[in-house]
$ cat target_21.pdb   # PDB, N, CA and C atoms
ATOM      1  N   MET A   1       0.824  -1.196   0.000
ATOM      2  CA  MET A   1       0.000   0.000   0.000
ATOM      3  C   MET A   1       0.862   1.251   0.000
ATOM      4  N   VAL A   2       1.955   1.247   0.750
ATOM      5  CA  VAL A   2       2.790   2.443   0.868
ATOM      6  C   VAL A   2       3.461   2.767  -0.463
ATOM      7  N   TYR A   3       4.028   1.782  -1.124
ATOM      8  CA  TYR A   3       4.823   2.037  -2.326
ATOM      9  C   TYR A   3       3.993   2.074  -3.607
ATOM     10  N   THR A   4       2.935   1.280  -3.687
ATOM     11  CA  THR A   4       2.160   1.214  -4.922
ATOM     12  C   THR A   4       0.900   2.071  -4.889
ATOM     13  N   GLY A   5       0.446   2.471  -3.694
ATOM     14  CA  GLY A   5      -0.770   3.258  -3.589
ATOM     15  C   GLY A   5      -2.021   2.428  -3.775
ATOM     16  N   SER A   6      -1.888   1.101  -3.721
ATOM     17  CA  SER A   6      -3.058   0.244  -3.887
ATOM     18  C   SER A   6      -2.826  -1.088  -3.193
ATOM     19  N   THR A   7      -3.903  -1.818  -3.019
ATOM     20  CA  THR A   7      -3.868  -3.178  -2.479
ATOM     21  C   THR A   7      -4.103  -4.136  -3.640
ATOM     22  N   PRO A   8      -3.940  -5.435  -3.432
ATOM     23  CA  PRO A   8      -4.234  -6.362  -4.525
ATOM     24  C   PRO A   8      -5.663  -6.223  -5.064
ATOM     25  N   GLY A   9      -6.624  -5.997  -4.188
ATOM     26  CA  GLY A   9      -8.010  -5.809  -4.635
ATOM     27  C   GLY A   9      -8.192  -4.551  -5.455
ATOM     28  N   LEU A  10      -7.535  -3.479  -5.037
ATOM     29  CA  LEU A  10      -7.612  -2.237  -5.809
ATOM     30  C   LEU A  10      -6.955  -2.403  -7.174
ATOM     31  N   ARG A  11      -5.831  -3.124  -7.225
ATOM     32  CA  ARG A  11      -5.170  -3.347  -8.515
ATOM     33  C   ARG A  11      -6.043  -4.193  -9.422
ATOM     34  N   LEU A  12      -6.731  -5.181  -8.859
ATOM     35  CA  LEU A  12      -7.629  -6.013  -9.647
ATOM     36  C   LEU A  12      -8.758  -5.168 -10.244
ATOM     37  N   ALA A  13      -9.260  -4.213  -9.479
ATOM     38  CA  ALA A  13     -10.328  -3.323  -9.955
ATOM     39  C   ALA A  13      -9.775  -2.131 -10.740
ATOM     40  N   LYS A  14      -8.441  -2.089 -10.895
ATOM     41  CA  LYS A  14      -7.756  -1.000 -11.610
ATOM     42  C   LYS A  14      -8.039   0.361 -10.976
ATOM     43  N   LEU A  15      -7.995   0.392  -9.630
ATOM     44  CA  LEU A  15      -8.157   1.612  -8.863
ATOM     45  C   LEU A  15      -6.856   1.923  -8.148
ATOM     46  N   ARG A  16      -6.662   3.180  -7.799
ATOM     47  CA  ARG A  16      -5.458   3.601  -7.089
ATOM     48  C   ARG A  16      -5.855   4.673  -6.087
ATOM     49  N   LEU A  17      -5.272   4.620  -4.899
ATOM     50  CA  LEU A  17      -5.512   5.619  -3.872
ATOM     51  C   LEU A  17      -4.544   6.767  -4.095
ATOM     52  N   VAL A  18      -5.079   7.965  -4.304
ATOM     53  CA  VAL A  18      -4.244   9.129  -4.570
ATOM     54  C   VAL A  18      -4.576  10.252  -3.591
ATOM     55  N   SER A  19      -3.607  11.111  -3.377
ATOM     56  CA  SER A  19      -3.757  12.233  -2.470
ATOM     57  C   SER A  19      -4.396  13.409  -3.201
ATOM     58  N   LEU A  20      -5.182  14.184  -2.490
ATOM     59  CA  LEU A  20      -5.788  15.385  -3.059
ATOM     60  C   LEU A  20      -4.818  16.562  -3.045
ATOM     61  N   THR A  21      -3.764  16.476  -2.208
ATOM     62  CA  THR A  21      -2.889  17.633  -2.014
ATOM     63  C   THR A  21      -1.464  17.429  -2.507
ATOM     64  N   VAL A  22      -0.945  16.198  -2.476
ATOM     65  CA  VAL A  22       0.437  15.947  -2.903
ATOM     66  C   VAL A  22       0.448  14.912  -4.007
ATOM     67  N   HIS A  23       1.547  14.827  -4.727
ATOM     68  CA  HIS A  23       1.613  13.911  -5.860
ATOM     69  C   HIS A  23       1.814  12.456  -5.431
ATOM     70  N   ARG A  24       2.529  12.219  -4.326
ATOM     71  CA  ARG A  24       2.804  10.850  -3.910
ATOM     72  C   ARG A  24       2.562  10.709  -2.416
ATOM     73  N   ARG A  25       1.906   9.630  -2.049
ATOM     74  CA  ARG A  25       1.662   9.351  -0.635
ATOM     75  C   ARG A  25       2.914   8.744  -0.030
ATOM     76  N   ASP A  26       3.221   9.118   1.195
ATOM     77  CA  ASP A  26       4.360   8.530   1.879
ATOM     78  C   ASP A  26       3.882   7.566   2.955
ATOM     79  N   ALA A  27       4.820   6.980   3.684
ATOM     80  CA  ALA A  27       4.479   5.991   4.707
ATOM     81  C   ALA A  27       3.620   6.598   5.805
ATOM     82  N   GLY A  28       3.898   7.838   6.198
ATOM     83  CA  GLY A  28       3.108   8.498   7.227
ATOM     84  C   GLY A  28       1.661   8.684   6.820
ATOM     85  N   CYS A  29       1.443   9.027   5.589
ATOM     86  CA  CYS A  29       0.091   9.195   5.066
ATOM     87  C   CYS A  29      -0.636   7.854   5.024
ATOM     88  N   ALA A  30       0.078   6.796   4.665
ATOM     89  CA  ALA A  30      -0.527   5.465   4.618
ATOM     90  C   ALA A  30      -0.928   4.994   6.010
ATOM     91  N   VAL A  31      -0.067   5.225   6.999
ATOM     92  CA  VAL A  31      -0.388   4.839   8.381
ATOM     93  C   VAL A  31      -1.554   5.675   8.893
ATOM     94  N   GLY A  32      -1.558   6.974   8.583
ATOM     95  CA  GLY A  32      -2.667   7.839   8.987
ATOM     96  C   GLY A  32      -3.983   7.387   8.382
ATOM     97  N   GLY A  33      -3.952   6.972   7.125
ATOM     98  CA  GLY A  33      -5.166   6.462   6.480
ATOM     99  C   GLY A  33      -5.655   5.181   7.095
ATOM    100  N   TRP A  34      -4.717   4.337   7.475
ATOM    101  CA  TRP A  34      -5.074   3.072   8.126
ATOM    102  C   TRP A  34      -5.741   3.343   9.470
ATOM    103  N   LEU A  35      -5.176   4.258  10.260
ATOM    104  CA  LEU A  35      -5.767   4.600  11.551
ATOM    105  C   LEU A  35      -7.106   5.313  11.386
ATOM    106  N   ALA A  36      -7.208   6.183  10.398
ATOM    107  CA  ALA A  36      -8.462   6.902  10.159
ATOM    108  C   ALA A  36      -9.564   5.957   9.694
ATOM    109  N   SER A  37      -9.208   4.898   8.971
ATOM    110  CA  SER A  37     -10.229   3.935   8.541
ATOM    111  C   SER A  37     -10.784   3.169   9.734
ATOM    112  N   TYR A  38      -9.951   2.950  10.763
ATOM    113  CA  TYR A  38     -10.469   2.333  11.984
ATOM    114  C   TYR A  38     -11.456   3.267  12.674
ATOM    115  N   LEU A  39     -11.204   4.571  12.649
ATOM    116  CA  LEU A  39     -12.149   5.534  13.210
ATOM    117  C   LEU A  39     -13.496   5.434  12.497
ATOM    118  N   SER A  40     -13.458   5.334  11.174
ATOM    119  CA  SER A  40     -14.699   5.194  10.401
ATOM    120  C   SER A  40     -15.442   3.923  10.773
ATOM    121  N   ALA A  41     -14.711   2.846  10.988
ATOM    122  CA  ALA A  41     -15.340   1.560  11.303
ATOM    123  C   ALA A  41     -15.840   1.500  12.750
ATOM    124  N   PHE A  42     -15.034   1.979  13.697
ATOM    125  CA  PHE A  42     -15.390   1.871  15.113
ATOM    126  C   PHE A  42     -16.472   2.845  15.539
ATOM    127  N   SER A  43     -16.834   3.763  14.697
ATOM    128  CA  SER A  43     -17.937   4.680  14.995
ATOM    129  C   SER A  43     -19.254   4.088  14.488
ATOM    130  N   LEU A  44     -19.357   2.780  14.600
ATOM    131  CA  LEU A  44     -20.529   2.012  14.159
ATOM    132  C   LEU A  44     -20.753   2.147  12.650
ATOM    133  N   GLY A  45     -19.659   2.349  11.924
ATOM    134  CA  GLY A  45     -19.736   2.428  10.477
ATOM    135  C   GLY A  45     -20.199   3.767   9.939
ATOM    136  N   LEU A  46     -20.395   4.753  10.830
ATOM    137  CA  LEU A  46     -20.880   6.059  10.380
ATOM    138  C   LEU A  46     -19.907   6.733   9.424
ATOM    139  N   GLY A  47     -18.613   6.481   9.600
ATOM    140  CA  GLY A  47     -17.615   7.067   8.708
ATOM    141  C   GLY A  47     -17.760   6.575   7.288
ATOM    142  N   TYR A  48     -18.167   5.317   7.138
ATOM    143  CA  TYR A  48     -18.379   4.760   5.802
ATOM    144  C   TYR A  48     -19.733   5.191   5.239
ATOM    145  N   LEU A  49     -20.749   5.252   6.088
ATOM    146  CA  LEU A  49     -22.074   5.679   5.641
ATOM    147  C   LEU A  49     -22.086   7.152   5.220
ATOM    148  N   TRP A  50     -21.133   7.914   5.759
ATOM    149  CA  TRP A  50     -21.039   9.324   5.421
ATOM    150  C   TRP A  50     -20.883   9.542   3.919
ATOM    151  N   SER A  51     -20.285   8.592   3.237
ATOM    152  CA  SER A  51     -20.049   8.750   1.794
ATOM    153  C   SER A  51     -21.357   8.891   1.011
ATOM    154  N   ILE A  52     -22.448   8.402   1.559
ATOM    155  CA  ILE A  52     -23.752   8.543   0.909
ATOM    156  C   ILE A  52     -24.197  10.009   0.932
ATOM    157  N   LEU A  53     -23.894  10.709   2.022
ATOM    158  CA  LEU A  53     -24.302  12.102   2.178
ATOM    159  C   LEU A  53     -23.277  13.088   1.631
ATOM    160  N   ASP A  54     -22.043  12.673   1.499
ATOM    161  CA  ASP A  54     -20.972  13.560   1.079
ATOM    162  C   ASP A  54     -21.117  13.924  -0.397
ATOM    163  N   GLU A  55     -20.932  15.188  -0.731
ATOM    164  CA  GLU A  55     -21.092  15.632  -2.121
ATOM    165  C   GLU A  55     -20.063  15.013  -3.061
ATOM    166  N   ASP A  56     -18.878  14.653  -2.530
ATOM    167  CA  ASP A  56     -17.847  14.033  -3.350
ATOM    168  C   ASP A  56     -17.803  12.512  -3.197
ATOM    169  N   GLY A  57     -18.665  11.969  -2.339
ATOM    170  CA  GLY A  57     -18.699  10.528  -2.113
ATOM    171  C   GLY A  57     -17.532  10.014  -1.296
ATOM    172  N   LEU A  58     -16.967  10.871  -0.443
ATOM    173  CA  LEU A  58     -15.818  10.497   0.367
ATOM    174  C   LEU A  58     -16.235  10.107   1.774
ATOM    175  N   CYS A  59     -15.552   9.125   2.339
ATOM    176  CA  CYS A  59     -15.770   8.696   3.723
ATOM    177  C   CYS A  59     -14.960   9.589   4.655
ATOM    178  N   TRP A  60     -15.169   9.415   5.984
ATOM    179  CA  TRP A  60     -14.432  10.220   6.950
ATOM    180  C   TRP A  60     -12.934  10.044   6.781
ATOM    181  N   HIS A  61     -12.473   8.803   6.615
ATOM    182  CA  HIS A  61     -11.032   8.586   6.521
ATOM    183  C   HIS A  61     -10.454   9.192   5.242
ATOM    184  N   ASP A  62     -11.259   9.308   4.197
ATOM    185  CA  ASP A  62     -10.809   9.998   2.989
ATOM    186  C   ASP A  62     -10.649  11.492   3.260
ATOM    187  N   ARG A  63     -11.592  12.069   3.982
ATOM    188  CA  ARG A  63     -11.533  13.491   4.314
ATOM    189  C   ARG A  63     -10.364  13.778   5.252
ATOM    190  N   ILE A  64     -10.141  12.908   6.244
ATOM    191  CA  ILE A  64      -9.067  13.116   7.211
ATOM    192  C   ILE A  64      -7.710  13.074   6.526
ATOM    193  N   THR A  65      -7.506  12.096   5.654
ATOM    194  CA  THR A  65      -6.202  11.936   5.008
ATOM    195  C   THR A  65      -6.103  12.658   3.670
ATOM    196  N   ARG A  66      -7.195  13.288   3.225
ATOM    197  CA  ARG A  66      -7.239  14.006   1.943
ATOM    198  C   ARG A  66      -6.831  13.099   0.777
ATOM    199  N   THR A  67      -7.499  11.944   0.685
ATOM    200  CA  THR A  67      -7.241  10.995  -0.385
ATOM    201  C   THR A  67      -8.550  10.600  -1.053
ATOM    202  N   HIS A  68      -8.448   9.977  -2.222
ATOM    203  CA  HIS A  68      -9.615   9.429  -2.909
ATOM    204  C   HIS A  68      -9.148   8.342  -3.862
ATOM    205  N   LEU A  69     -10.091   7.545  -4.348
ATOM    206  CA  LEU A  69      -9.771   6.500  -5.319
ATOM    207  C   LEU A  69      -9.910   7.056  -6.719
ATOM    208  N   SER A  70      -8.972   6.694  -7.571
ATOM    209  CA  SER A  70      -9.084   7.123  -8.973
ATOM    210  C   SER A  70      -8.853   5.946  -9.887
TER     211      SER A  70
END

$ encode --input "target_21.pdb" --output "structure tokens"
Amino acid sequence: MVYTGSTPGLRLAKLRLVSLTVHRRDAGCAVGGWLASYLSAFSLGLGYLWSILDEDGLCWHDRITRTHLS
């Protein structure tokens, strides 16, 4: 995830996780995204459900780490 910007599942779907602010994600950004995704999950899934209401379709962990799938 740190070096390629994707997981095997994302590569299979031909998706890549990219930053909204910088050209390349570093290890710190990857760890922050991993921790932020736990916040989305441990809040009874509200962080993931937020993507339904979000105008850009982003979850809480996407907003926190300023990333999206492309």

$ atom_distance --input "target_21.pdb" --atom1 "atom N of A:Ser43" --atom2 "atom C of A:Thr7"
23.7 Å

$ residues_around --input "target_21.pdb" --residues "A:His68" --least-positions-apart "6" --cutoff "7 Å" --atoms "all atoms listed in the file" --output "PyMOL selection string"
chain A and resi 16-20+62

$ closest_residue --input "target_21.pdb" --among "A:Phe42, A:Gly47, A:Leu12, A:Gly32" --to "A:Cys59" --atoms "all atoms listed in the file"
A:Gly47

$ atom_distance --input "target_21.pdb" --atom1 "atom CA of A:Leu46" --atom2 "atom CA of A:His61"
10.9 Å

$ closest_residue --input "target_21.pdb" --among "A:Leu39, A:Leu15, A:Thr21, A:Ser51" --to "A:Thr67" --atoms "only N, CA and C atoms"
A:Thr21

$ atom_distance --input "target_21.pdb" --atom1 "atom C of A:Leu44" --atom2 "atom N of A:Arg66"
19.9 Å

$ axis_aligned_box --input "target_21.pdb" --around "stretch 5-22 of chain A" --padding-each-side "8 Å" --output "AutoDock Vina command-line options"
--center_x -4.9 --center_y 5.6 --center_z -6.8 --size_x 26.8 --size_y 40.0 --size_z 25.6

$ closest_residue --input "target_21.pdb" --among "A:Leu69, A:Trp60, A:Glu55, A:Ala13" --to "A:Ala41" --atoms "only C-alpha atoms"
A:Trp60
